[in-house]
Each structure stands twice: as structure tokens, then as C-alpha cells.
Amino acid sequence: MNSASEPLRRRLGTTDAVVVGLGSMIGAGVFVVFAPAAAAAGSSLLLGLAVAALVAYCNATSSARLAAQYPLSGGAYVYGRERLGDFWGYLAGWSFIVGKTASCAAMALTAGVYLWPAQANAVAVSAVVAITAVNYRGIEKSARLTRGIVAVVLAVLAGVVAVVFTSGRVEIARVSPAGGTVTGVLQAAGLLFFAFAGYARIATLGEEVRDPARTLPRAIGLALGITLAVYATVAVAVLAVLGPEQLAGAAAPLAEAVKSAGAGGLEPAVRVGAAAAALGALLSLILGVSRTILAMARDGNLPTGLAAVHPRFGVPHRAELTVGAVVAVLVAVVDIRGAIGFSSLTVLVYYAIANAAAWTLGRRAIPAAGFAGCLLLAGFLPLGSVLTGFAVLALGAGIYAIGRSR
């Protein structure tokens, strides 16, 4: 029978956990994020990438320590609850679920736009249904599909970099981090930070990882390091062939890069890579959101029926189906790709709470730096995103207060 208290099965090793993290971080963002970053910082976007990576490293280190001590589903929801109190855990979980559900819809729509622009919403719904079905069948199948998607995306990115650097049209001087302002670099860092946010997905799967005290820190560190190397290499390539001005105005930077390198015939492959990256991100996002829902439902902060674990597949099937249904409805009726700016703030709040929780474990320099970095990047987000994000957080706090009063 289904049990709301039954633990999930530990089936993932280090390689699978790293792949899940890579599928989250090397997502559709790599195909578009360098344009707004270049608009903010020019050729100094590489400095922005370094700042984003530093904040991500602090967050990842804090997450790894906490995940090793609390190898349960839920990530910062569990850490905040155990180290800071129920409200802070709830706020972290609320931030993650709301922000990442919107991101799920955005990733599904991104895949639809790349694969069949005229029927983007229909393709997006089909993608959500297919990914939810894979996740429903067990974490091993999800990891296996993610492995294939990551391989395709990395192959496409490697092809782009190889074409650019062998084209004879690169100018290394364009990569020189000169002329950028502090404000521009921090704005670029705020945009680029979310390229690294997928390591949280590894932590939220802590209950399904074998030997978590050893596996989780290694997997988080490896996934972050590989992602940084990939992003830095791609950033140098597109900057060197396009220059900061052309890159800033590019709607599809990697496609523009291969065109400028004289290999416009590779554009269809870039589109396939972008769609695959979006689907990989969608898969890992649904995994992360459903596990956070599972943890919150176990504690009664969400309907307890959502904590049921499938007796055969060992997954929180009701939580996964709920996430899939909500995302499918969203992508069927609205295009929210441009309306999820609030998720930027919610993600930073999520990691700020994780760092605050890690601070209570001792060795406080890195958690303090991560917490300050989250606040710094949040301060340079667009005002509209900040206001919307705080409105969403206030709504969650109100729901929590009503629930407690009852």
C-alpha cells in the first residue's frame, strides 16, 4: 500500500547524482543567458561569471554540508526547519516550489518554441506529460534519460566551441574584461548565477542517494566544477567571435556564433541542443519540486496525501502528478516565459536560508559569504522582479500564519 511515511529508496550513486545536477545547470540558459549578461557588463561578463561562480561555490559548500547531515528529500526546506525553525523551513520550501514551478513552465515552453514555434504550447504540454511519465516510473529511469540529454547538450556545445575556435574569425582582444562597471558586472552575475542553481536538485534528492554523507558533497562539487568549465569555455568562444556589442543584441547567441564562424548549417543542431537542454532542466525541476512537496506534506504544511510513495516505483507519485498537472495547465493557456522574474528573488531567498542554516553548523566563513552574496545579487535585480518576489513571499507567509492559527 501507499504510505505517507515510507522513505524513498536509495538508488542513485555519485555519477547519477552528478548527471542530475548537470541536467539542471547546463540547461536552456546556456543558449540565451550570455546576451543579457553582455548587455549588462560588456566583455566584463567573464568577471560576472566569476562572481556568480563564487557565490554558487559558497552556496554549494553550505548545501553539501547540510545535505550530508540531513540526507532527506526537501533540501533547504529541511535544513531551515531543522536548524532555524519551522517558519524559515516553510519559507524556503514555499520559495522553491513557487519559483521552480514557474521555471518548469518556462522550460517546457522554451522546448516548444525551439522544436515547433507555431505549436509551442501543444509541444510544451506533450513534453510535460512525457517527462512526468518518465519520472513516475522511478528515479533510475529519470537519471538514465537525463544522462542521454546531457550527452546531447554537451556534444552540441563542444561542436559550437570547436567550430568557433577553428574558424579563424576569433579575436581574443574581445574577451578582455575592460570597460565594465561594478554595477554592470554585478547585474551580469545576478543573471549568470542561476546557471549554477541546479546543484540544489542534488540536495533535494538526498533521500534517494546511496551513502549520502560521501556522495552528496562529491556530486555537488563535481557538478558545479564541470558546469563552470563549460560555461567559461562557451562564454569565451561567443565573446571572441561576436564581440560584446553583437552578443548583447543576439536573440540566440550560440546560433549567431556559428553563423559568424561561417557554419550556419549547424544552426538546426544548436536548436536541437537548446530543446534538449530545456527538457533536461524540466525533468530535474519536476524531480526537485515534487521532493520538496513530499517533505512539506510529511510535516502537514501541504496536504498529507501528497506524501504518498508508490509501492512499486518508490517515488512520490502524487506529488509528481500534481506538479505535472499544474505545469501542463500553465503552459496550455499562458506564455509565462517573460513573467517569472520573481523566481530570481525566490531562488536567492532559498539559498540565503540554506546558508543561514549552514552557519549554525560552525565553520562560518563560507556560509556568511554565501548569505551576503545572495543579498548582494538580490539587491541588483530589476525592481519589478524584487517587488513581485516579495509579494509572492508575503503570500506564502500569510498562508503559513493562517494554517498555524487554525
# chains A, B, ... in the order shown; residues from 1 in each chain; ligands from 1
call {"tool": "closest_atom_pairs", "arguments": {"of": "range 174-204 of chain A", "to": "range 288-311 of chain A", "cutoff": "10 Å", "atoms": "only C-alpha atoms", "output": "JSON lines"}}
result
{"residue": "A:Gly198", "atom": "CA", "partner": "A:Gly288", "partner_atom": "CA", "distance": 9.4}
{"residue": "A:Ala200", "atom": "CA", "partner": "A:Gly288", "partner_atom": "CA", "distance": 8.0}
{"residue": "A:Arg201", "atom": "CA", "partner": "A:Gly288", "partner_atom": "CA", "distance": 5.3}
{"residue": "A:Ile202", "atom": "CA", "partner": "A:Gly288", "partner_atom": "CA", "distance": 8.2}
{"residue": "A:Ala203", "atom": "CA", "partner": "A:Gly288", "partner_atom": "CA", "distance": 8.7}
{"residue": "A:Thr204", "atom": "CA", "partner": "A:Gly288", "partner_atom": "CA", "distance": 5.8}
call {"tool": "select_by_dssp", "arguments": {"residues": "range 203-402 of chain A", "states": "helix (DSSP H, G or I)", "output": "ChimeraX atom specification"}}
result
/A:203-204,206-208,212-248,253-260,264-298,304-307,317-333,342-359,365-379,383-402
call {"tool": "closest_atom_pairs", "arguments": {"of": "range 75-155 of chain A", "to": "range 263-275 of chain A", "cutoff": "8 Å", "atoms": "only C-alpha atoms", "output": "JSON lines"}}
result
{"residue": "A:Thr110", "atom": "CA", "partner": "A:Ala275", "partner_atom": "CA", "distance": 7.0}
{"residue": "A:Ala111", "atom": "CA", "partner": "A:Ala275", "partner_atom": "CA", "distance": 4.4}
{"residue": "A:Gly112", "atom": "CA", "partner": "A:Ala275", "partner_atom": "CA", "distance": 7.6}
{"residue": "A:Tyr114", "atom": "CA", "partner": "A:Ala275", "partner_atom": "CA", "distance": 5.8}
{"residue": "A:Leu115", "atom": "CA", "partner": "A:Ala275", "partner_atom": "CA", "distance": 6.6}
{"residue": "A:Val152", "atom": "CA", "partner": "A:Gly273", "partner_atom": "CA", "distance": 6.5}
{"residue": "A:Val153", "atom": "CA", "partner": "A:Gly273", "partner_atom": "CA", "distance": 5.1}
call {"tool": "write_last_selection", "arguments": {"atoms": "N, CA and C atoms", "output": "mmCIF file, in the first residue's frame"}}
result
data_model
loop_
_atom_site.group_PDB
_atom_site.id
_atom_site.type_symbol
_atom_site.label_atom_id
_atom_site.label_comp_id
_atom_site.auth_asym_id
_atom_site.auth_seq_id
_atom_site.Cartn_x
_atom_site.Cartn_y
_atom_site.Cartn_z
ATOM 1 N N THR A 110 10.007 26.806 -23.668
ATOM 2 C CA THR A 110 11.243 27.011 -24.423
ATOM 3 C C THR A 110 11.484 25.848 -25.375
ATOM 4 N N ALA A 111 11.288 24.628 -24.894
ATOM 5 C CA ALA A 111 11.431 23.464 -25.770
ATOM 6 C C ALA A 111 10.432 23.525 -26.917
ATOM 7 N N GLY A 112 9.201 23.927 -26.628
ATOM 8 C CA GLY A 112 8.193 24.034 -27.673
ATOM 9 C C GLY A 112 8.558 25.060 -28.730
ATOM 10 N N TYR A 114 11.547 26.066 -29.626
ATOM 11 C CA TYR A 114 12.667 25.600 -30.438
ATOM 12 C C TYR A 114 12.261 24.469 -31.388
ATOM 13 N N LEU A 115 11.371 23.574 -30.934
ATOM 14 C CA LEU A 115 11.024 22.415 -31.738
ATOM 15 C C LEU A 115 9.952 22.710 -32.774
ATOM 16 N N VAL A 152 23.806 14.835 -25.223
ATOM 17 C CA VAL A 152 23.453 15.577 -26.433
ATOM 18 C C VAL A 152 23.832 17.047 -26.296
ATOM 19 N N VAL A 153 23.486 17.647 -25.162
ATOM 20 C CA VAL A 153 23.761 19.076 -24.958
ATOM 21 C C VAL A 153 25.258 19.345 -24.952
#
call {"tool": "closest_residue", "arguments": {"among": "A:Met107, A:Leu157, A:Leu66, A:Ala39", "to": "Pro217 in chain A", "atoms": "only C-alpha atoms"}}
result
A:Leu66
call {"tool": "residues_around", "arguments": {"residues": "Val55 in chain A", "least_positions_apart": "6", "cutoff": "9 Å", "atoms": "only C-alpha atoms", "output": "list of chain:residue names"}}
result
A:Phe193, A:Ala369, A:Gly370, A:Phe371, A:Ala372, A:Gly373, A:Cys374
call {"tool": "atom_distance", "arguments": {"atom1": "CA of Ser63 in chain A", "atom2": "CA of Pro36 in chain A"}}
result
28.1 Å
call {"tool": "atom_distance", "arguments": {"atom1": "CA of Ile353 in chain A", "atom2": "CA of Trp94 in chain A"}}
result
11.9 Å
call {"tool": "residues_around", "arguments": {"residues": "Leu285 in chain A", "least_positions_apart": "4", "cutoff": "8 Å", "atoms": "only C-alpha atoms", "output": "count of residues only"}}
result
8
call {"tool": "closest_residue", "arguments": {"among": "A:Val326, A:Pro7, A:Ala189, A:Arg137", "to": "Leu54 in chain A", "atoms": "only C-alpha atoms"}}
result
A:Ala189
call {"tool": "residues_around", "arguments": {"residues": "Leu45 in chain A", "least_positions_apart": "2", "cutoff": "8 Å", "atoms": "only C-alpha atoms", "output": "list in words"}}
result
Phe34, Ala37, Ala38, Ala40, Ala41, Gly42, Ser43, Leu47, Gly48, Leu49, Pro177, Val185, Ala188 and Ala189 of chain A
call {"tool": "closest_residue", "arguments": {"among": "A:Ala378, A:Val315, A:Cys58, A:Ile26", "to": "Ala276 in chain A", "atoms": "only C-alpha atoms"}}
result
A:Ile26
call {"tool": "atom_distance", "arguments": {"atom1": "CA of Lys141 in chain A", "atom2": "CA of Ala328 in chain A"}}
result
21.0 Å
